[in-house]
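The structure appears right after this line, and notes come after that.
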Amino acid sequence: MPTSPNARHEALRRLFDVLTCPVCHDRLEPADQALRCPRRHTFDIARHGYAGLLTGKQRPAGGDTASMVQARTAFLRTGYFAPLTHTLAGLAAELCPPDGTVLDAGVGTGYHLAAVLDTLPDAAGLGLDTSPHALRRAARIHPRATAAGWDIRRPLPVRSRSVDLVLNVFAPRNSPEFHRVLRPGGALLVVTPAPRHLGELQRHLGLLSVDPAKEERLRRTLSARFQRAHTEAVEYVMPLGAQDIEALSSMGPTAHHLDADVLRRRIALLSTPFETAASFVVSVYWPR
Ligand SMILES: [Zn+2]
């Protein structure tokens, strides 16, 4: 997607209209490799290009590690999740004005945000995530995307009614805050794994499975502030090679629970290509 020379500058400028100081909620302005509010609360812009808004104690434990992020980047590069990305981008194009503002809450490496921005020629995107390893990639993933270190379970450093589309892909939800930051007429686009997602692989490798009640819980959590407008199931079979399986099983929460050598031995016992289901639920919610 061609981006005009001024597009990045313009995207950054617009994001300063959206970001707020996490301490006092006043506006942030750029100030030599940092962002600063009028009360002089100051947050560094990391060498890798993202704004570090979380301070020491707020940083949660257990975020994505360097090796998880590396595995995810390798797996996404294979294109196995392309049908999901295609669905997300298509819905984003219907839901968000072409020059709108997109907030990706739990941006990860920015893979999905980049695809969404590609369908919206003048939109600007802000990605929030806790993992510095993921943010390094997200900050550079697209000329019109920026990224900031933040835990999306906390009050968001984002101005009320400033966002046209909130993306929430395999990430925690913050229903009151998503509702607060959306403009009237905005939308929330949520992706969750369905119970069948990676089922065959989970059974063979002893990975964590998706809780079948997850989707129902999500709907209940959101229902006070959002109305579900549309739900789409995206399901297909992935014929995976050994390297794909290793990347896939090292990129998610499972990576915290299973020893890498054990995993490698179990993968070696599989006959490849190993067919497993990719299964997602993509839902559109309107703020009430
Ligand atoms: Zn401040």
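Labeling convention for the structure tokens: chains A, B, ... as they appear, residues from 1 per chain, ligands from 1 in order of appearance.
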
Test item: residues at most 9 Å from region 221-228 of chain A, only C-alpha atoms, excluding those fewer than 5 positions along its chain, as a PyMOL selection string: chain A and resi 173-176+179+188+216+283-288

Within 9 Å of ligand 1, which residues show up when you count only C-alpha atoms and all ligand atoms? List them as a PyMOL selection string, please. chain A and resi 20-28+36-42

Report the residues of region 13-255 of chain A whose backbone DSSP state falls under helix (DSSP H, G or I), written as a PyMOL selection string. chain A and resi 13-18+56-58+66-77+82-95+111-119+132-138+175-181+199-205+214-223+242-250+253-255

Quick one: distance from CA of Pro273 (chain A) to CA of Asp244 (chain A) in Å, one decimal? 9.7 Å

Strand (DSSP E or B) positions in region 13-218 of chain A, given as JSON, numbers by chain: {"A": [19, 20, 27, 29, 30, 34, 35, 36, 42, 43, 44, 45, 51, 52, 101, 102, 103, 104, 105, 124, 125, 126, 127, 128, 129, 145, 146, 147, 148, 149, 158, 163, 164, 165, 166, 167, 168, 169, 182, 183, 184, 185, 186, 187, 188, 189, 190, 191, 192, 193]}

Please save N, CA and C atoms of the selected residues as a short mmCIF file (atom, residue, chain, number, x, y, z; two decimals), in the first residue's frame.
```
data_model
loop_
_atom_site.label_atom_id
_atom_site.label_comp_id
_atom_site.auth_asym_id
_atom_site.auth_seq_id
_atom_site.Cartn_x
_atom_site.Cartn_y
_atom_site.Cartn_z
N LEU A 19 -3.63 10.09 22.25
CA LEU A 19 -2.95 9.61 23.46
C LEU A 19 -3.09 10.62 24.60
N THR A 20 -3.24 10.12 25.81
CA THR A 20 -3.26 11.01 26.97
C THR A 20 -2.22 10.55 27.99
N ARG A 27 -3.13 16.08 27.75
CA ARG A 27 -2.58 15.66 26.45
C ARG A 27 -1.07 15.49 26.52
N GLU A 29 2.62 15.71 24.41
CA GLU A 29 3.28 16.33 23.24
C GLU A 29 4.66 15.71 23.11
N PRO A 30 5.16 15.62 21.86
CA PRO A 30 6.52 15.11 21.68
C PRO A 30 7.55 16.10 22.24
N ALA A 34 10.91 11.79 23.74
CA ALA A 34 10.00 11.51 24.84
C ALA A 34 8.64 12.12 24.55
N LEU A 35 7.66 11.77 25.37
CA LEU A 35 6.35 12.42 25.33
C LEU A 35 6.17 13.09 26.68
N ARG A 36 5.59 14.30 26.67
CA ARG A 36 5.48 15.03 27.93
C ARG A 36 4.11 15.71 27.99
N THR A 42 6.73 12.61 32.07
CA THR A 42 7.52 12.37 30.86
C THR A 42 7.69 10.87 30.63
N PHE A 43 7.52 10.46 29.38
CA PHE A 43 7.62 9.04 29.02
C PHE A 43 8.55 8.90 27.82
N ASP A 44 9.54 8.04 27.96
CA ASP A 44 10.53 7.88 26.89
C ASP A 44 9.94 7.23 25.64
N ILE A 45 10.46 7.66 24.49
CA ILE A 45 10.22 6.92 23.26
C ILE A 45 11.42 6.00 23.09
N ALA A 51 6.37 4.24 22.38
CA ALA A 51 6.33 5.07 23.59
C ALA A 51 6.17 4.18 24.82
N GLY A 52 7.03 4.35 25.79
CA GLY A 52 6.95 3.53 27.01
C GLY A 52 6.11 4.23 28.06
N THR A 101 -9.42 6.51 12.96
CA THR A 101 -8.40 6.15 13.94
C THR A 101 -8.70 4.76 14.48
N VAL A 102 -7.69 3.90 14.40
CA VAL A 102 -7.85 2.51 14.84
C VAL A 102 -7.00 2.29 16.08
N LEU A 103 -7.60 1.71 17.12
CA LEU A 103 -6.85 1.33 18.32
C LEU A 103 -6.78 -0.19 18.36
N ASP A 104 -5.58 -0.75 18.36
CA ASP A 104 -5.44 -2.19 18.50
C ASP A 104 -5.04 -2.48 19.94
N ALA A 105 -6.01 -2.97 20.71
CA ALA A 105 -5.79 -3.23 22.15
C ALA A 105 -5.26 -4.65 22.30
N ALA A 124 -5.04 6.16 10.76
CA ALA A 124 -3.87 6.05 11.63
C ALA A 124 -4.18 4.98 12.68
N GLY A 125 -3.15 4.23 13.06
CA GLY A 125 -3.35 3.14 14.02
C GLY A 125 -2.44 3.27 15.22
N LEU A 126 -3.01 2.99 16.39
CA LEU A 126 -2.23 2.96 17.63
C LEU A 126 -2.35 1.56 18.22
N GLY A 127 -1.21 0.94 18.52
CA GLY A 127 -1.23 -0.39 19.12
C GLY A 127 -0.73 -0.32 20.55
N LEU A 128 -1.44 -0.97 21.46
CA LEU A 128 -1.01 -1.04 22.86
C LEU A 128 -0.70 -2.49 23.22
N ASP A 129 0.38 -2.69 23.93
CA ASP A 129 0.75 -4.05 24.36
C ASP A 129 1.73 -3.92 25.53
N ALA A 145 1.25 3.31 11.52
CA ALA A 145 1.00 2.72 12.84
C ALA A 145 2.04 3.22 13.84
N THR A 146 1.60 3.44 15.07
CA THR A 146 2.52 3.71 16.18
C THR A 146 2.16 2.76 17.32
N ALA A 147 3.04 2.64 18.28
CA ALA A 147 2.80 1.68 19.35
C ALA A 147 3.23 2.26 20.68
N ALA A 148 2.54 1.83 21.73
CA ALA A 148 2.90 2.28 23.08
C ALA A 148 2.79 1.11 24.05
N GLY A 149 3.70 1.11 25.03
CA GLY A 149 3.68 0.08 26.05
C GLY A 149 2.59 0.37 27.06
N VAL A 158 -5.91 6.96 26.51
CA VAL A 158 -6.52 7.34 25.23
C VAL A 158 -7.71 8.25 25.53
N VAL A 163 -11.73 7.29 19.02
CA VAL A 163 -11.35 6.14 18.19
C VAL A 163 -12.55 5.66 17.38
N ASP A 164 -12.31 5.31 16.11
CA ASP A 164 -13.39 4.82 15.25
C ASP A 164 -13.54 3.31 15.32
N LEU A 165 -12.41 2.61 15.52
CA LEU A 165 -12.46 1.14 15.53
C LEU A 165 -11.48 0.63 16.57
N VAL A 166 -11.98 -0.19 17.49
CA VAL A 166 -11.11 -0.89 18.44
C VAL A 166 -10.96 -2.32 17.94
N LEU A 167 -9.71 -2.75 17.73
CA LEU A 167 -9.40 -4.14 17.38
C LEU A 167 -8.97 -4.85 18.65
N ASN A 168 -9.42 -6.09 18.83
CA ASN A 168 -9.06 -6.85 20.03
C ASN A 168 -8.92 -8.31 19.59
N VAL A 169 -7.68 -8.68 19.29
CA VAL A 169 -7.40 -9.99 18.67
C VAL A 169 -6.63 -10.86 19.66
N LEU A 182 -14.35 4.86 22.29
CA LEU A 182 -14.99 4.84 20.97
C LEU A 182 -15.84 6.07 20.75
N ARG A 183 -15.79 6.57 19.50
CA ARG A 183 -16.71 7.63 19.11
C ARG A 183 -18.11 7.04 18.95
N PRO A 184 -19.13 7.88 19.08
CA PRO A 184 -20.47 7.39 18.73
C PRO A 184 -20.41 6.93 17.26
N GLY A 185 -20.97 5.80 16.96
CA GLY A 185 -20.87 5.27 15.59
C GLY A 185 -19.64 4.42 15.36
N GLY A 186 -18.76 4.32 16.36
CA GLY A 186 -17.58 3.48 16.24
C GLY A 186 -17.94 2.01 16.46
N ALA A 187 -16.94 1.14 16.32
CA ALA A 187 -17.20 -0.29 16.47
C ALA A 187 -16.03 -1.00 17.13
N LEU A 188 -16.38 -2.12 17.77
CA LEU A 188 -15.38 -2.99 18.39
C LEU A 188 -15.35 -4.30 17.61
N LEU A 189 -14.15 -4.71 17.19
CA LEU A 189 -13.98 -5.93 16.41
C LEU A 189 -13.13 -6.90 17.23
N VAL A 190 -13.74 -8.02 17.62
CA VAL A 190 -13.07 -8.96 18.55
C VAL A 190 -12.83 -10.29 17.86
N VAL A 191 -11.63 -10.83 18.03
CA VAL A 191 -11.34 -12.19 17.54
C VAL A 191 -10.97 -13.07 18.73
N THR A 192 -11.67 -14.21 18.83
CA THR A 192 -11.31 -15.21 19.84
C THR A 192 -11.11 -16.55 19.14
N PRO A 193 -10.26 -17.41 19.70
CA PRO A 193 -10.15 -18.76 19.14
C PRO A 193 -11.39 -19.56 19.50
#
```

Report as an MDAnalysis selection string all protein, DNA and RNA residues lying within 9 Å of Ile245 (chain A), evaluated on only C-alpha atoms, omitting residues in the same chain fewer than 2 positions from it. chainID A and resid 75 201 240:243 247:250 267 274

CA of Glu246 (chain A) and CA of Ser67 (chain A), how far apart in Å? 11.6 Å

Would you kindly return, as a VMD selection string, each protein, DNA or RNA residue with an atom no farther than 10 Å from any atom of Phe280 (chain A), considering only C-alpha atoms and excluding same-chain residues fewer than 6 positions away? chain A and resid 84 170 191 to 197 232 to 236

Kindly save the residues from that selection, with C-alpha atoms included, as an mmCIF file, in the first residue's frame.
```cif
data_model
loop_
_atom_site.group_PDB
_atom_site.id
_atom_site.type_symbol
_atom_site.label_atom_id
_atom_site.label_comp_id
_atom_site.auth_asym_id
_atom_site.auth_seq_id
_atom_site.Cartn_x
_atom_site.Cartn_y
_atom_site.Cartn_z
ATOM 1 C CA LEU A 84 -8.482 -14.592 9.355
ATOM 2 C CA PHE A 170 -6.633 -12.850 21.108
ATOM 3 C CA VAL A 191 -11.340 -12.187 17.538
ATOM 4 C CA THR A 192 -11.313 -15.209 19.837
ATOM 5 C CA PRO A 193 -10.146 -18.757 19.139
ATOM 6 C CA ALA A 194 -13.060 -21.224 18.833
ATOM 7 C CA PRO A 195 -13.042 -24.491 20.834
ATOM 8 C CA ARG A 196 -11.949 -26.496 17.750
ATOM 9 C CA HIS A 197 -8.936 -24.212 17.136
ATOM 10 C CA GLU A 232 -18.568 -14.740 11.670
ATOM 11 C CA ALA A 233 -16.903 -18.129 12.064
ATOM 12 C CA VAL A 234 -13.614 -18.485 10.199
ATOM 13 C CA GLU A 235 -12.563 -22.125 9.990
ATOM 14 C CA TYR A 236 -10.213 -24.043 7.709
#
```

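For the choices A:Arg180, A:Arg47, A:Arg14, A:His204, the atom-to-atom distance to Arg137 (chain A) is smallest for A:Arg47 when using only C-alpha atoms.
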
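With only C-alpha atoms taken into account, the protein and nucleic acid residues at most 12 Å from Ala7 (chain A) (excluding it and anything under 4 positions from it in its own chain) are Met1, Pro2, Thr3, Ala11, Leu12, Arg13, Arg14, Asp99, Pro121, Asp122, Ala123, Ala124, Gly125, His142, Pro143, Arg144 and Ala145 of chain A.
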
Using only C-alpha atoms: which of A:Pro172, A:Pro239, A:Thr109, A:Val181 has the shortest distance to Arg136 (chain A): A:Thr109
